[in-house]
Structures are given as C-alpha cells and as structure tokens.
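For reference, upload-v6.cif is printed below; it contains mmCIF, N, CA and C atoms.
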```cif
data_run
loop_
_atom_site.label_atom_id
_atom_site.label_comp_id
_atom_site.auth_asym_id
_atom_site.auth_seq_id
_atom_site.Cartn_x
_atom_site.Cartn_y
_atom_site.Cartn_z
N MET X 268 0.84 -1.17 0.00
CA MET X 268 0.00 0.00 0.00
C MET X 268 0.89 1.24 0.00
N ILE X 269 0.59 2.16 -0.85
CA ILE X 269 1.36 3.39 -0.96
C ILE X 269 0.86 4.39 0.08
N SER X 270 1.78 5.05 0.75
CA SER X 270 1.42 6.01 1.79
C SER X 270 0.83 7.28 1.18
N TYR X 271 0.14 8.03 2.02
CA TYR X 271 -0.41 9.32 1.57
C TYR X 271 0.72 10.27 1.20
N GLN X 272 1.82 10.18 1.93
CA GLN X 272 2.96 11.05 1.63
C GLN X 272 3.50 10.77 0.24
N GLU X 273 3.63 9.50 -0.08
CA GLU X 273 4.14 9.13 -1.42
C GLU X 273 3.13 9.53 -2.50
N THR X 274 1.86 9.33 -2.23
CA THR X 274 0.83 9.73 -3.20
C THR X 274 0.87 11.24 -3.42
N THR X 275 0.99 12.01 -2.36
CA THR X 275 1.06 13.46 -2.47
C THR X 275 2.32 13.90 -3.21
N ARG X 276 3.43 13.29 -2.86
CA ARG X 276 4.69 13.64 -3.51
C ARG X 276 4.63 13.36 -5.02
N ARG X 277 4.10 12.20 -5.37
CA ARG X 277 3.99 11.84 -6.79
C ARG X 277 3.02 12.76 -7.52
N SER X 278 1.88 13.06 -6.88
CA SER X 278 0.90 13.96 -7.50
C SER X 278 1.51 15.33 -7.78
N ASN X 279 2.23 15.86 -6.80
CA ASN X 279 2.86 17.16 -6.98
C ASN X 279 3.88 17.13 -8.13
N ARG X 280 4.63 16.06 -8.24
CA ARG X 280 5.60 15.93 -9.35
C ARG X 280 4.89 15.83 -10.69
N MET X 281 3.80 15.05 -10.70
CA MET X 281 3.05 14.88 -11.95
C MET X 281 2.45 16.22 -12.41
N ILE X 282 1.88 16.98 -11.47
CA ILE X 282 1.28 18.28 -11.81
C ILE X 282 2.36 19.24 -12.30
N ALA X 283 3.50 19.28 -11.60
CA ALA X 283 4.58 20.18 -12.00
C ALA X 283 5.12 19.82 -13.38
N THR X 284 5.31 18.55 -13.61
CA THR X 284 5.83 18.11 -14.92
C THR X 284 4.83 18.40 -16.03
N TRP X 285 3.56 18.10 -15.78
CA TRP X 285 2.52 18.33 -16.78
C TRP X 285 2.44 19.81 -17.14
N THR X 286 2.42 20.68 -16.12
CA THR X 286 2.29 22.11 -16.40
C THR X 286 3.54 22.70 -17.05
N GLN X 287 4.71 22.13 -16.80
CA GLN X 287 5.95 22.66 -17.38
C GLN X 287 6.25 22.06 -18.75
N GLU X 288 6.03 20.79 -18.89
CA GLU X 288 6.46 20.09 -20.11
C GLU X 288 5.36 20.01 -21.17
N ALA X 289 4.12 19.96 -20.76
CA ALA X 289 3.04 19.79 -21.75
C ALA X 289 1.82 20.62 -21.36
N PRO X 290 1.97 21.93 -21.20
CA PRO X 290 0.83 22.74 -20.77
C PRO X 290 -0.31 22.78 -21.79
N ALA X 291 -0.01 22.49 -23.05
CA ALA X 291 -1.04 22.55 -24.09
C ALA X 291 -1.88 21.26 -24.13
N VAL X 292 -1.39 20.20 -23.52
CA VAL X 292 -2.14 18.94 -23.52
C VAL X 292 -3.26 19.06 -22.49
N GLU X 293 -4.49 18.88 -22.95
CA GLU X 293 -5.64 19.08 -22.08
C GLU X 293 -5.92 17.90 -21.17
N GLN X 294 -5.62 16.70 -21.65
CA GLN X 294 -5.90 15.54 -20.80
C GLN X 294 -5.02 14.37 -21.20
N TYR X 295 -4.82 13.49 -20.24
CA TYR X 295 -4.18 12.19 -20.46
C TYR X 295 -5.20 11.17 -20.01
N GLY X 296 -5.45 10.19 -20.87
CA GLY X 296 -6.55 9.27 -20.61
C GLY X 296 -7.82 10.08 -20.62
N SER X 297 -8.63 9.93 -19.61
CA SER X 297 -9.86 10.71 -19.53
C SER X 297 -9.79 11.78 -18.45
N ILE X 298 -8.56 12.06 -17.95
CA ILE X 298 -8.38 13.00 -16.83
C ILE X 298 -7.74 14.28 -17.33
N THR X 299 -8.37 15.40 -16.99
CA THR X 299 -7.78 16.70 -17.34
C THR X 299 -6.88 17.15 -16.20
N LEU X 300 -6.01 18.10 -16.51
CA LEU X 300 -5.12 18.64 -15.48
C LEU X 300 -5.93 19.27 -14.36
N THR X 301 -6.98 19.98 -14.69
CA THR X 301 -7.82 20.61 -13.67
C THR X 301 -8.47 19.57 -12.76
N GLN X 302 -8.98 18.48 -13.34
CA GLN X 302 -9.59 17.42 -12.52
C GLN X 302 -8.56 16.81 -11.57
N PHE X 303 -7.36 16.58 -12.10
CA PHE X 303 -6.32 15.98 -11.28
C PHE X 303 -5.89 16.93 -10.17
N GLN X 304 -5.76 18.22 -10.47
CA GLN X 304 -5.40 19.20 -9.45
C GLN X 304 -6.48 19.29 -8.37
N GLN X 305 -7.74 19.24 -8.76
CA GLN X 305 -8.84 19.31 -7.80
C GLN X 305 -8.83 18.06 -6.89
N ALA X 306 -8.61 16.89 -7.49
CA ALA X 306 -8.55 15.66 -6.71
C ALA X 306 -7.39 15.70 -5.72
N ASN X 307 -6.27 16.24 -6.17
CA ASN X 307 -5.10 16.36 -5.29
C ASN X 307 -5.38 17.34 -4.15
N GLU X 308 -6.10 18.42 -4.41
CA GLU X 308 -6.47 19.37 -3.37
C GLU X 308 -7.40 18.73 -2.34
N VAL X 309 -8.31 17.88 -2.80
CA VAL X 309 -9.19 17.16 -1.88
C VAL X 309 -8.36 16.25 -0.97
N LEU X 310 -7.38 15.57 -1.55
CA LEU X 310 -6.49 14.70 -0.76
C LEU X 310 -5.74 15.52 0.28
N LEU X 311 -5.18 16.65 -0.11
CA LEU X 311 -4.43 17.49 0.82
C LEU X 311 -5.33 18.04 1.92
N ALA X 312 -6.55 18.42 1.56
CA ALA X 312 -7.49 18.93 2.57
C ALA X 312 -7.87 17.83 3.57
N ALA X 313 -8.10 16.62 3.07
CA ALA X 313 -8.44 15.50 3.96
C ALA X 313 -7.26 15.18 4.88
N LYS X 314 -6.06 15.23 4.33
CA LYS X 314 -4.87 14.98 5.15
C LYS X 314 -4.74 16.04 6.23
N GLN X 315 -5.00 17.29 5.89
CA GLN X 315 -4.94 18.37 6.87
C GLN X 315 -6.00 18.19 7.95
N GLU X 316 -7.19 17.76 7.56
CA GLU X 316 -8.25 17.51 8.54
C GLU X 316 -7.84 16.43 9.53
N VAL X 317 -7.21 15.38 9.03
CA VAL X 317 -6.73 14.30 9.91
C VAL X 317 -5.67 14.84 10.86
N GLN X 318 -4.73 15.63 10.36
CA GLN X 318 -3.69 16.20 11.21
C GLN X 318 -4.30 17.11 12.27
N ASP X 319 -5.27 17.90 11.89
CA ASP X 319 -5.95 18.78 12.85
C ASP X 319 -6.68 17.97 13.92
N ALA X 320 -7.35 16.90 13.48
CA ALA X 320 -8.09 16.05 14.42
C ALA X 320 -7.12 15.36 15.38
N GLU X 321 -5.97 14.91 14.88
CA GLU X 321 -4.98 14.27 15.74
C GLU X 321 -4.42 15.27 16.76
N ALA X 322 -4.18 16.49 16.33
CA ALA X 322 -3.69 17.52 17.26
C ALA X 322 -4.73 17.80 18.34
N LEU X 323 -6.00 17.88 17.95
CA LEU X 323 -7.06 18.11 18.91
C LEU X 323 -7.18 16.93 19.88
N LEU X 324 -7.06 15.71 19.34
CA LEU X 324 -7.12 14.52 20.19
C LEU X 324 -5.97 14.52 21.20
N ASN X 325 -4.78 14.88 20.76
CA ASN X 325 -3.65 14.95 21.69
C ASN X 325 -3.89 15.99 22.77
N LEU X 326 -4.46 17.12 22.39
CA LEU X 326 -4.78 18.16 23.37
C LEU X 326 -5.82 17.64 24.37
N LYS X 327 -6.81 16.91 23.89
CA LYS X 327 -7.84 16.37 24.78
C LYS X 327 -7.24 15.31 25.71
N ARG X 328 -6.25 14.55 25.22
CA ARG X 328 -5.59 13.55 26.08
C ARG X 328 -4.82 14.24 27.20
N VAL X 329 -4.17 15.35 26.90
CA VAL X 329 -3.47 16.11 27.93
C VAL X 329 -4.49 16.62 28.96
N HIS X 330 -5.60 17.15 28.47
CA HIS X 330 -6.65 17.63 29.37
C HIS X 330 -7.17 16.50 30.25
N LEU X 331 -7.38 15.34 29.68
CA LEU X 331 -7.84 14.17 30.44
C LEU X 331 -6.83 13.79 31.52
N ARG X 332 -5.55 13.77 31.16
CA ARG X 332 -4.51 13.41 32.13
C ARG X 332 -4.47 14.41 33.28
N LEU X 333 -4.55 15.70 32.96
CA LEU X 333 -4.53 16.72 34.01
C LEU X 333 -5.77 16.63 34.91
N ALA X 334 -6.93 16.40 34.31
CA ALA X 334 -8.16 16.25 35.10
C ALA X 334 -8.06 15.02 36.00
N GLY X 335 -7.49 13.94 35.49
CA GLY X 335 -7.30 12.74 36.30
C GLY X 335 -6.37 12.99 37.47
N ASN X 336 -5.30 13.76 37.23
CA ASN X 336 -4.39 14.11 38.33
C ASN X 336 -5.12 14.90 39.41
N ASP X 337 -5.95 15.85 39.00
CA ASP X 337 -6.71 16.64 39.97
C ASP X 337 -7.65 15.76 40.80
N VAL X 338 -8.35 14.85 40.13
CA VAL X 338 -9.30 14.00 40.84
C VAL X 338 -8.56 13.06 41.79
N ARG X 339 -7.42 12.48 41.36
CA ARG X 339 -6.67 11.60 42.25
C ARG X 339 -6.15 12.35 43.47
N ALA X 340 -5.73 13.59 43.29
CA ALA X 340 -5.27 14.39 44.44
C ALA X 340 -6.44 14.63 45.41
N MET X 341 -7.62 14.90 44.89
CA MET X 341 -8.80 15.10 45.74
C MET X 341 -9.19 13.81 46.45
N GLN X 342 -9.11 12.68 45.73
CA GLN X 342 -9.42 11.39 46.36
C GLN X 342 -8.51 11.15 47.56
N ARG X 343 -7.23 11.42 47.36
CA ARG X 343 -6.25 11.22 48.43
C ARG X 343 -6.57 12.13 49.62
N GLU X 344 -6.90 13.37 49.35
CA GLU X 344 -7.22 14.32 50.43
C GLU X 344 -8.48 13.89 51.18
N ILE X 345 -9.48 13.42 50.44
CA ILE X 345 -10.71 12.93 51.09
C ILE X 345 -10.40 11.73 51.96
N TYR X 346 -9.60 10.79 51.44
CA TYR X 346 -9.23 9.59 52.21
C TYR X 346 -8.51 9.98 53.49
N LEU X 347 -7.50 10.86 53.38
CA LEU X 347 -6.76 11.26 54.57
C LEU X 347 -7.64 12.01 55.56
N GLY X 348 -8.55 12.84 55.05
CA GLY X 348 -9.49 13.54 55.93
C GLY X 348 -10.43 12.58 56.63
N LEU X 349 -10.90 11.58 55.90
CA LEU X 349 -11.82 10.60 56.48
C LEU X 349 -11.15 9.80 57.58
N ILE X 350 -9.94 9.31 57.32
CA ILE X 350 -9.30 8.49 58.37
C ILE X 350 -8.84 9.36 59.55
N SER X 351 -8.57 10.64 59.30
CA SER X 351 -8.20 11.50 60.45
C SER X 351 -9.42 11.83 61.29
N GLU X 352 -10.59 11.91 60.68
CA GLU X 352 -11.80 12.25 61.43
C GLU X 352 -12.52 11.03 61.99
N GLU X 353 -12.55 9.94 61.24
CA GLU X 353 -13.32 8.78 61.67
C GLU X 353 -12.46 7.56 61.99
N GLY X 354 -11.18 7.64 61.69
CA GLY X 354 -10.29 6.53 62.00
C GLY X 354 -10.14 5.56 60.83
N GLU X 355 -9.15 4.69 60.97
CA GLU X 355 -8.82 3.76 59.89
C GLU X 355 -9.79 2.59 59.79
N ASP X 356 -10.74 2.51 60.70
CA ASP X 356 -11.76 1.46 60.63
C ASP X 356 -13.14 2.04 60.30
N SER X 357 -13.17 3.20 59.68
CA SER X 357 -14.44 3.83 59.33
C SER X 357 -15.26 2.90 58.44
N PRO X 358 -16.56 2.78 58.72
CA PRO X 358 -17.40 1.94 57.88
C PRO X 358 -17.58 2.49 56.47
N MET X 359 -17.18 3.75 56.26
CA MET X 359 -17.30 4.33 54.92
C MET X 359 -16.18 3.89 53.98
N LEU X 360 -15.07 3.45 54.53
CA LEU X 360 -13.91 3.11 53.71
C LEU X 360 -14.20 2.05 52.64
N PRO X 361 -14.81 0.91 53.00
CA PRO X 361 -15.07 -0.08 51.95
C PRO X 361 -15.96 0.44 50.83
N GLY X 362 -16.94 1.26 51.18
CA GLY X 362 -17.82 1.84 50.16
C GLY X 362 -17.08 2.76 49.21
N MET X 363 -15.98 3.32 49.66
CA MET X 363 -15.18 4.22 48.83
C MET X 363 -14.04 3.49 48.13
N GLY X 364 -13.97 2.17 48.33
CA GLY X 364 -12.96 1.40 47.63
C GLY X 364 -11.68 1.17 48.41
N TYR X 365 -11.69 1.47 49.71
CA TYR X 365 -10.51 1.28 50.55
C TYR X 365 -10.76 0.10 51.50
N ILE X 366 -9.68 -0.37 52.09
CA ILE X 366 -9.77 -1.48 53.04
C ILE X 366 -9.60 -0.94 54.45
N ARG X 367 -10.50 -1.33 55.31
CA ARG X 367 -10.39 -0.91 56.71
C ARG X 367 -9.17 -1.57 57.34
N LYS X 368 -8.58 -0.91 58.32
CA LYS X 368 -7.36 -1.43 58.96
C LYS X 368 -7.61 -2.80 59.57
N SER X 369 -8.76 -2.99 60.17
CA SER X 369 -9.06 -4.29 60.80
C SER X 369 -9.25 -5.40 59.78
N ASP X 370 -9.50 -5.05 58.53
CA ASP X 370 -9.68 -6.06 57.49
C ASP X 370 -8.39 -6.35 56.72
N ARG X 371 -7.35 -5.59 56.98
CA ARG X 371 -6.09 -5.80 56.27
C ARG X 371 -5.42 -7.05 56.77
N LYS X 372 -4.72 -7.71 55.87
CA LYS X 372 -3.95 -8.88 56.25
C LYS X 372 -2.63 -8.40 56.82
N SER X 373 -2.06 -9.19 57.69
CA SER X 373 -0.84 -8.76 58.37
C SER X 373 0.36 -8.72 57.43
N GLY X 374 0.33 -9.51 56.39
CA GLY X 374 1.48 -9.57 55.49
C GLY X 374 2.46 -10.64 55.92
N LEU X 375 2.27 -11.17 57.13
CA LEU X 375 3.15 -12.23 57.60
C LEU X 375 2.63 -13.57 57.10
N THR X 376 3.54 -14.43 56.74
CA THR X 376 3.15 -15.76 56.27
C THR X 376 3.89 -16.81 57.05
N ILE X 377 3.34 -17.97 57.11
CA ILE X 377 3.99 -19.11 57.76
C ILE X 377 4.58 -19.97 56.67
N LYS X 378 5.89 -20.16 56.74
CA LYS X 378 6.54 -21.00 55.74
C LYS X 378 6.32 -22.45 56.12
N ARG X 379 6.00 -23.21 55.11
CA ARG X 379 5.79 -24.64 55.32
C ARG X 379 6.87 -25.39 54.55
N ASN X 380 7.20 -26.55 55.04
CA ASN X 380 8.18 -27.38 54.36
C ASN X 380 7.49 -28.02 53.17
N THR X 381 7.80 -27.54 51.99
CA THR X 381 7.14 -28.06 50.79
C THR X 381 8.11 -28.84 49.92
N LEU X 382 9.34 -29.05 50.43
CA LEU X 382 10.31 -29.80 49.64
C LEU X 382 9.90 -31.27 49.61
N PRO X 383 9.97 -31.89 48.45
CA PRO X 383 9.62 -33.31 48.40
C PRO X 383 10.70 -34.13 49.11
N GLY X 384 10.28 -35.02 49.91
CA GLY X 384 11.22 -35.86 50.65
C GLY X 384 10.92 -37.33 50.40
N PRO X 385 11.70 -38.19 50.98
CA PRO X 385 11.43 -39.63 50.83
C PRO X 385 10.07 -39.95 51.42
N GLU X 386 9.38 -40.82 50.74
CA GLU X 386 8.05 -41.18 51.22
C GLU X 386 8.13 -41.87 52.56
N GLY X 387 7.17 -41.62 53.35
CA GLY X 387 7.10 -42.27 54.65
C GLY X 387 7.77 -41.47 55.74
N LEU X 388 8.52 -40.43 55.43
CA LEU X 388 9.16 -39.64 56.47
C LEU X 388 8.28 -38.46 56.82
N ASP X 389 8.16 -38.21 58.07
CA ASP X 389 7.38 -37.08 58.54
C ASP X 389 8.30 -35.86 58.56
N PRO X 390 7.93 -34.76 57.85
CA PRO X 390 8.82 -33.59 57.84
C PRO X 390 9.05 -33.00 59.22
N SER X 391 8.16 -33.22 60.15
CA SER X 391 8.35 -32.68 61.50
C SER X 391 9.43 -33.42 62.25
N GLU X 392 9.84 -34.60 61.78
CA GLU X 392 10.87 -35.38 62.45
C GLU X 392 12.26 -34.86 62.12
N ASN X 393 12.42 -34.07 61.09
CA ASN X 393 13.76 -33.61 60.70
C ASN X 393 14.27 -32.52 61.56
#
```

Whole structure given in structure tokens:
Amino acid sequence: MISYQETTRRSNRMIATWTQEAPAVEQYGSITLTQFQQANEVLLAAKQEVQDAEALLNLKRVHLRLAGNDVRAMQREIYLGLISEEGEDSPMLPGMGYIRKSDRKSGLTIKRNTLPGPEGLDPSEN
C-alpha cells in the first residue's frame, strides 16, 4: 500500500511536470489537469483535517490526564481527611474502595516445608 505522503509527492511531481512540459495537452486518458489538481487538493485537505483532528485529540488527552491528576489528588485528600476524622476502621472506607485497617492482612506468612522428601518420612521429624 502506498502512503499518503508518497501519493502526495507523486501527484505534486506529476502536476509540475505536466504544467511545465506539456501545458497545451488538455488531458491524459480521460483525466484533465484541472480534474487531477482538484482531486489532489481534496487529498491534501483531507490529510490536513486528519492532522488537525490528531492535534485536537492529543490536546484532549493532555486535558484528560490533568483532570485525572486533579481527581486523584482530591481522592487522596478525602481519604486522609476521612481516616483522620473517623479513623482507619471507618465503615465508609469499603464503600469508597478502601480497606479498613481491621480487614487488612498482616502480610506475615507461615513457611511450610514443601520440599519433596522420601516417602514415609514425617517432615516434622527432621
């Protein structure tokens, strides 16, 4: 598939060559120079529209990221305010997506002997 850049580059060369080398020739095949120039202008306009839309989309993504940062900062402030006023076991915490302190796991684990040993031996005997 030929890129839009290559199509545009070739069209511009074809128009320049046609106007310089054969300005008296009205058409090649069934296409006139004017028709070809108009079609090329439509292509360039569509390409510009896409570039403008991409620039706008990038701007909207920046706006989205900044708005998200603002909301996350507010969420954090609300959370810290809630636990300072009602404590880390507030019944509101789970509803807001947080875990109450009493529901948190300790993080400590008990290691078990999981190494395979000879059959018939009790790991507690070692």

*Please identify which residues in stretch 270-391 of chain X DSSP calls helix (DSSP H, G or I) from the backbone, and express them as number ranges by chain.*
X: 271-288, 300-353, 359-362, 368-370, 390-391

Next on the checklist: Residues within 8 Å of X:Gly354, please, as a list in words. Count all atoms listed in the file; anything in the same chain fewer than 4 positions from it doesn't count.
Outcome noted: Gly348, Leu349, Ile350, Pro358, Arg367 and Lys368 of chain X

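When atom N of X:Val317 is paired with atom N of X:His330, their separation reads 19.6 Å.
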
Separating atom CA of X:Ala312 from atom CA of X:Arg276, to the nearest tenth of an Å, is a gap of 14.6 Å

Report as JSON, numbers by chain: the residues of chain X with a DSSP assignment of strand (DSSP E or B), based on the backbone of this structure. {"X": [294, 295, 298, 299]}

Quick check, in Å to one decimal: how far apart do atom CA of X:Ser369 and atom CA of X:Glu355 lie?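 Between atom CA of X:Ser369 and atom CA of X:Glu355 the gap works out to 8.1 Å.
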
Between X:Asn279, X:Glu353, X:Thr376, X:Tyr295, smallest distance to X:Asn307 by all atoms listed in the file belongs to X:Asn279

Counting only N, CA and C atoms, which residues of stretch 343-389 of chain X fall within 8 Å of stretch 333-339 of chain X, and what is the closest atom pair for each with its distance in Å at one decimal, ordered by chain and rising number, as a tab-separated table?
```
residue	atom	partner	partner_atom	distance
X:Arg343	N	X:Arg339	C	4.1
X:Glu344	N	X:Arg339	C	6.0
X:Ile345	N	X:Arg339	C	7.8
```

Non-local contacts of X:Lys314 (12 Å; only C-alpha atoms; under 3 positions in same chain excluded) as number ranges by chain:
X: 270-272, 274-275, 307-311, 317-321
